[in-house]
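Coordinates from final.pdb are shown below (PDB, C-alpha atoms).
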```
ATOM      1  CA  ALA A   1     184.235 199.144 174.217
ATOM      2  CA  GLN A   2     184.961 195.800 175.872
ATOM      3  CA  MET A   3     181.389 194.646 175.172
ATOM      4  CA  SER A   4     181.838 195.545 171.509
ATOM      5  CA  GLU A   5     185.112 193.591 171.296
ATOM      6  CA  GLN A   6     183.541 190.585 172.986
ATOM      7  CA  LEU A   7     180.526 190.698 170.663
ATOM      8  CA  ALA A   8     182.811 190.942 167.613
ATOM      9  CA  ARG A   9     184.896 187.995 168.831
ATOM     10  CA  ASP A  10     181.832 185.901 169.653
ATOM     11  CA  SER A  11     180.209 186.559 166.285
ATOM     12  CA  ALA A  12     183.441 185.630 164.493
ATOM     13  CA  GLU A  13     183.746 182.445 166.551
ATOM     14  CA  GLN A  14     180.142 181.501 165.815
ATOM     15  CA  TYR A  15     180.657 182.100 162.103
ATOM     16  CA  LEU A  16     183.807 179.956 162.096
ATOM     17  CA  PHE A  17     181.922 177.247 164.002
ATOM     18  CA  MET A  18     179.200 177.340 161.343
ATOM     19  CA  VAL A  19     181.796 177.094 158.552
ATOM     20  CA  GLU A  20     183.482 174.117 160.214
ATOM     21  CA  TYR A  21     180.119 172.444 160.861
ATOM     22  CA  MET A  22     179.214 172.816 157.168
ATOM     23  CA  ARG A  23     182.588 171.379 156.145
ATOM     24  CA  GLN A  24     182.264 168.404 158.497
ATOM     25  CA  ALA A  25     178.688 167.747 157.395
ATOM     26  CA  GLY A  26     179.826 167.839 153.780
ATOM     27  CA  LEU A  27     182.449 165.196 154.539
ATOM     28  CA  VAL A  28     179.854 163.003 156.234
ATOM     29  CA  TRP A  29     177.216 163.062 153.537
ATOM     30  CA  SER A  30     179.453 163.089 150.460
ATOM     31  CA  PRO A  31     179.664 159.266 150.307
ATOM     32  CA  VAL A  32     175.892 159.071 150.758
ATOM     33  CA  ILE A  33     175.261 161.517 147.914
ATOM     34  CA  VAL A  34     177.698 159.634 145.655
ATOM     35  CA  ALA A  35     175.968 156.348 146.523
ATOM     36  CA  LEU A  36     172.563 157.849 145.747
ATOM     37  CA  TYR A  37     173.818 159.137 142.377
ATOM     38  CA  PHE A  38     175.208 155.684 141.590
ATOM     39  CA  TYR A  39     171.912 154.084 142.667
ATOM     40  CA  CYS A  40     169.918 156.454 140.445
ATOM     41  CA  PHE A  41     172.249 155.806 137.518
ATOM     42  CA  THR A  42     171.683 152.075 138.048
ATOM     43  CA  LEU A  43     167.921 152.672 138.195
ATOM     44  CA  ILE A  44     168.032 154.574 134.922
ATOM     45  CA  LEU A  45     169.991 151.794 133.213
ATOM     46  CA  LEU A  46     167.658 149.153 134.639
ATOM     47  CA  ALA A  47     164.572 151.085 133.547
ATOM     48  CA  ILE A  48     165.932 151.456 130.014
ATOM     49  CA  TYR A  49     166.679 147.738 129.904
ATOM     50  CA  VAL A  50     163.220 146.772 131.184
ATOM     51  CA  PHE A  51     161.434 149.117 128.775
ATOM     52  CA  ILE A  52     163.451 147.816 125.825
ATOM     53  CA  VAL A  53     163.219 144.110 126.666
ATOM     54  CA  TYR A  54     159.765 143.897 128.236
ATOM     55  CA  GLY A  55     158.075 146.967 126.773
ATOM     56  CA  SER A  56     156.094 144.985 124.231
ATOM     57  CA  VAL A  57     154.981 142.427 126.855
ATOM     58  CA  LEU A  58     153.765 144.949 129.462
ATOM     59  CA  ASN A  59     150.283 146.361 129.173
ATOM     60  CA  THR A  60     149.789 150.129 129.201
ATOM     61  CA  VAL A  61     148.752 150.383 132.861
ATOM     62  CA  THR A  62     151.781 148.431 134.089
ATOM     63  CA  LEU A  63     154.080 150.473 131.864
ATOM     64  CA  ILE A  64     152.674 153.771 133.184
ATOM     65  CA  GLN A  65     152.931 152.539 136.778
ATOM     66  CA  SER A  66     156.558 151.554 136.198
ATOM     67  CA  ILE A  67     157.375 154.950 134.708
ATOM     68  CA  VAL A  68     155.702 156.791 137.597
ATOM     69  CA  LEU A  69     157.540 154.649 140.160
ATOM     70  CA  PHE A  70     160.822 155.289 138.354
ATOM     71  CA  ILE A  71     160.253 159.059 138.327
ATOM     72  CA  ILE A  72     159.354 159.081 142.028
ATOM     73  CA  GLN A  73     162.466 157.095 142.962
ATOM     74  CA  VAL A  74     164.775 159.338 140.958
ATOM     75  CA  ALA A  75     163.151 162.432 142.481
ATOM     76  CA  LEU A  76     163.532 161.087 146.026
ATOM     77  CA  TYR A  77     167.070 159.814 145.696
ATOM     78  CA  LEU A  78     168.645 162.289 143.293
ATOM     79  CA  VAL A  79     166.725 165.534 142.992
ATOM     80  CA  PHE A  80     165.691 166.229 146.591
ATOM     81  CA  PRO A  81     169.155 165.865 148.191
ATOM     82  CA  THR A  82     170.656 168.085 145.492
ATOM     83  CA  LEU A  83     167.928 170.694 145.916
ATOM     84  CA  GLY A  84     168.346 170.551 149.693
ATOM     85  CA  LEU A  85     172.043 171.391 149.408
ATOM     86  CA  ALA A  86     171.359 174.169 146.934
ATOM     87  CA  HIS A  87     168.639 175.600 149.178
ATOM     88  CA  ALA A  88     170.944 175.580 152.204
ATOM     89  CA  ASN A  89     173.673 177.335 150.217
ATOM     90  CA  SER A  90     171.217 179.965 149.007
ATOM     91  CA  PHE A  91     170.949 181.336 152.555
ATOM     92  CA  ILE A  92     174.632 182.280 152.601
ATOM     93  CA  SER A  93     174.395 184.620 149.591
ATOM     94  CA  PRO A  94     171.955 187.080 151.238
ATOM     95  CA  MET A  95     174.331 187.379 154.197
ATOM     96  CA  LEU A  96     177.186 188.397 151.900
ATOM     97  CA  GLU A  97     174.833 190.729 150.034
ATOM     98  CA  GLN A  98     173.754 192.360 153.302
ATOM     99  CA  PHE A  99     177.339 193.167 154.242
ATOM    100  CA  THR A 100     178.141 194.331 150.711
ATOM    101  CA  ASN A 101     175.204 196.743 150.451
ATOM    102  CA  CYS A 102     175.337 198.214 153.961
ATOM    103  CA  ALA A 103     176.899 201.493 154.967
ATOM    104  CA  PRO A 104     180.561 201.338 156.073
ATOM    105  CA  GLU A 105     179.630 202.291 159.654
ATOM    106  CA  ASP A 106     177.042 199.512 159.966
ATOM    107  CA  PHE A 107     177.879 196.375 161.907
ATOM    108  CA  THR A 108     180.493 198.086 164.049
ATOM    109  CA  MET A 109     179.275 196.094 167.072
ATOM    110  CA  ILE A 110     180.390 192.834 165.473
ATOM    111  CA  GLY A 111     183.709 194.001 164.078
ATOM    112  CA  GLY A 112     182.765 196.218 161.163
ATOM    113  CA  ARG A 113     181.721 195.789 157.592
ATOM    114  CA  GLU A 114     185.166 195.374 156.037
ATOM    115  CA  LYS A 115     186.202 192.624 158.467
ATOM    116  CA  TRP A 116     183.071 190.625 157.697
ATOM    117  CA  LEU A 117     183.352 191.145 153.946
ATOM    118  CA  ALA A 118     186.878 189.773 154.129
ATOM    119  CA  PHE A 119     185.658 186.952 156.367
ATOM    120  CA  LEU A 120     182.824 185.983 154.042
ATOM    121  CA  THR A 121     185.010 185.973 150.935
ATOM    122  CA  ASP A 122     188.135 184.366 152.456
ATOM    123  CA  VAL A 123     186.275 181.749 154.516
ATOM    124  CA  PRO A 124     183.059 181.058 152.631
ATOM    125  CA  ALA A 125     180.353 179.074 154.336
ATOM    126  CA  ALA A 126     178.922 176.503 151.956
ATOM    127  CA  TRP A 127     177.599 172.993 152.041
ATOM    128  CA  THR A 128     179.805 170.900 149.838
ATOM    129  CA  VAL A 129     179.352 167.484 148.324
ATOM    130  CA  TRP A 130     182.877 166.444 147.416
TER     131      TRP A 130
END
```

Please go through the file and, once you have read it, give me the structure as C-alpha cells.
Amino acid sequence: AQMSEQLARDSAEQYLFMVEYMRQAGLVWSPVIVALYFYCFTLILLAIYVFIVYGSVLNTVTLIQSIVLFIIQVALYLVFPTLGLAHANSFISPMLEQFTNCAPEDFTMIGGREKWLAFLTDVPAAWTVW
C-alpha cells in the first residue's frame, strides 16, 4: 500500500514537473517565435517588392532561384518551428485518450483513472507560444 502511494505521488510530481517545464519553455521561446514570424513577414514584403520592382529586369533563372530561396527561408523560419510545437503537443492527446478509454480499475498503482483524468483536464500539459 505504501509503495502504491509513493508511486502515485511520484507520478503526479513528475507530471507536474513536465507541465511546469513546458510552461517555462513556452515563456523562453515565445519571443523567438514572434521574432521569426516578424522576420518572415518582412521577407514576404521584401520579396513582393523585389518581384514587382525588379521582376522585369531579372532573367528567368535568377527569378526562380529567388523564389526557391524565399520558400526555403519561410519554411525554415516559420513552418518548422510551428510544426515542431504542434508535433510536441500531439503527444499529450494520446495520454488523455489512454486514461479516458481505460477501465476504471486500471492505473490504480499511480493514483487511479479518475484522479489522472481530472489532472489532465485541470492541468493540461501543452507547449505554448504566447

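The protein and nucleic acid residues lying at most 9 Å from region 103-108 of chain A are Ser4, Ala8, Glu114 and Trp116 of chain A, with all atoms listed in the file considered and sequence neighbours fewer than 6 positions away removed.
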
Can you write out as JSON lines which residues of region 46-102 of chain A fall within 9 Å of region 30-33 of chain A, alongside each residue's closest atom pair and its distance in Å to one decimal, counting all atoms listed in the file and ordering rows by chain and ascending residue number?
```
{"residue": "A:Tyr77", "atom": "CA", "partner": "A:Ile33", "partner_atom": "CA", "distance": 8.7}
{"residue": "A:Leu78", "atom": "CA", "partner": "A:Ile33", "partner_atom": "CA", "distance": 8.1}
{"residue": "A:Pro81", "atom": "CA", "partner": "A:Ile33", "partner_atom": "CA", "distance": 7.5}
{"residue": "A:Thr82", "atom": "CA", "partner": "A:Ile33", "partner_atom": "CA", "distance": 8.4}
```

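Among A:Phe119, A:Thr62, A:Leu46, A:Phe99, the residue with the shortest atom-to-atom distance to Leu16 (chain A), counting all atoms listed in the file, is A:Phe119.
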
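Between CA of Ala47 (chain A) and CA of Phe70 (chain A) the separation is 7.4 Å.
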
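Across the model, the gap from CA of Cys40 (chain A) to CA of Ala25 (chain A) is 22.2 Å.
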
Can you sort out the box for region 26-42 of chain A, edges along x, y and z, all listed atoms in, 5 Å on every side, with centre and edge lengths in Å to one decimal, as JSON?
```
{"center_x": 176.2, "center_y": 160.0, "center_z": 146.9, "size_x": 22.5, "size_y": 25.8, "size_z": 28.7}
```

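Pairwise distance (CA of Leu43 (chain A), CA of Gln73 (chain A)) equals 8.5 Å.
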
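With all atoms listed in the file as the atoms that count, the minimum distance from Phe41 (chain A) to the choices A:Ser66, A:Val74, A:Leu58, A:Gly26 is reached by A:Val74.
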
| query | With distances taken over only C-alpha atoms, which of A:Leu45, A:Val123, A:Arg9, A:Phe80 is nearest to Met22 (chain A)? | reply | A:Val123
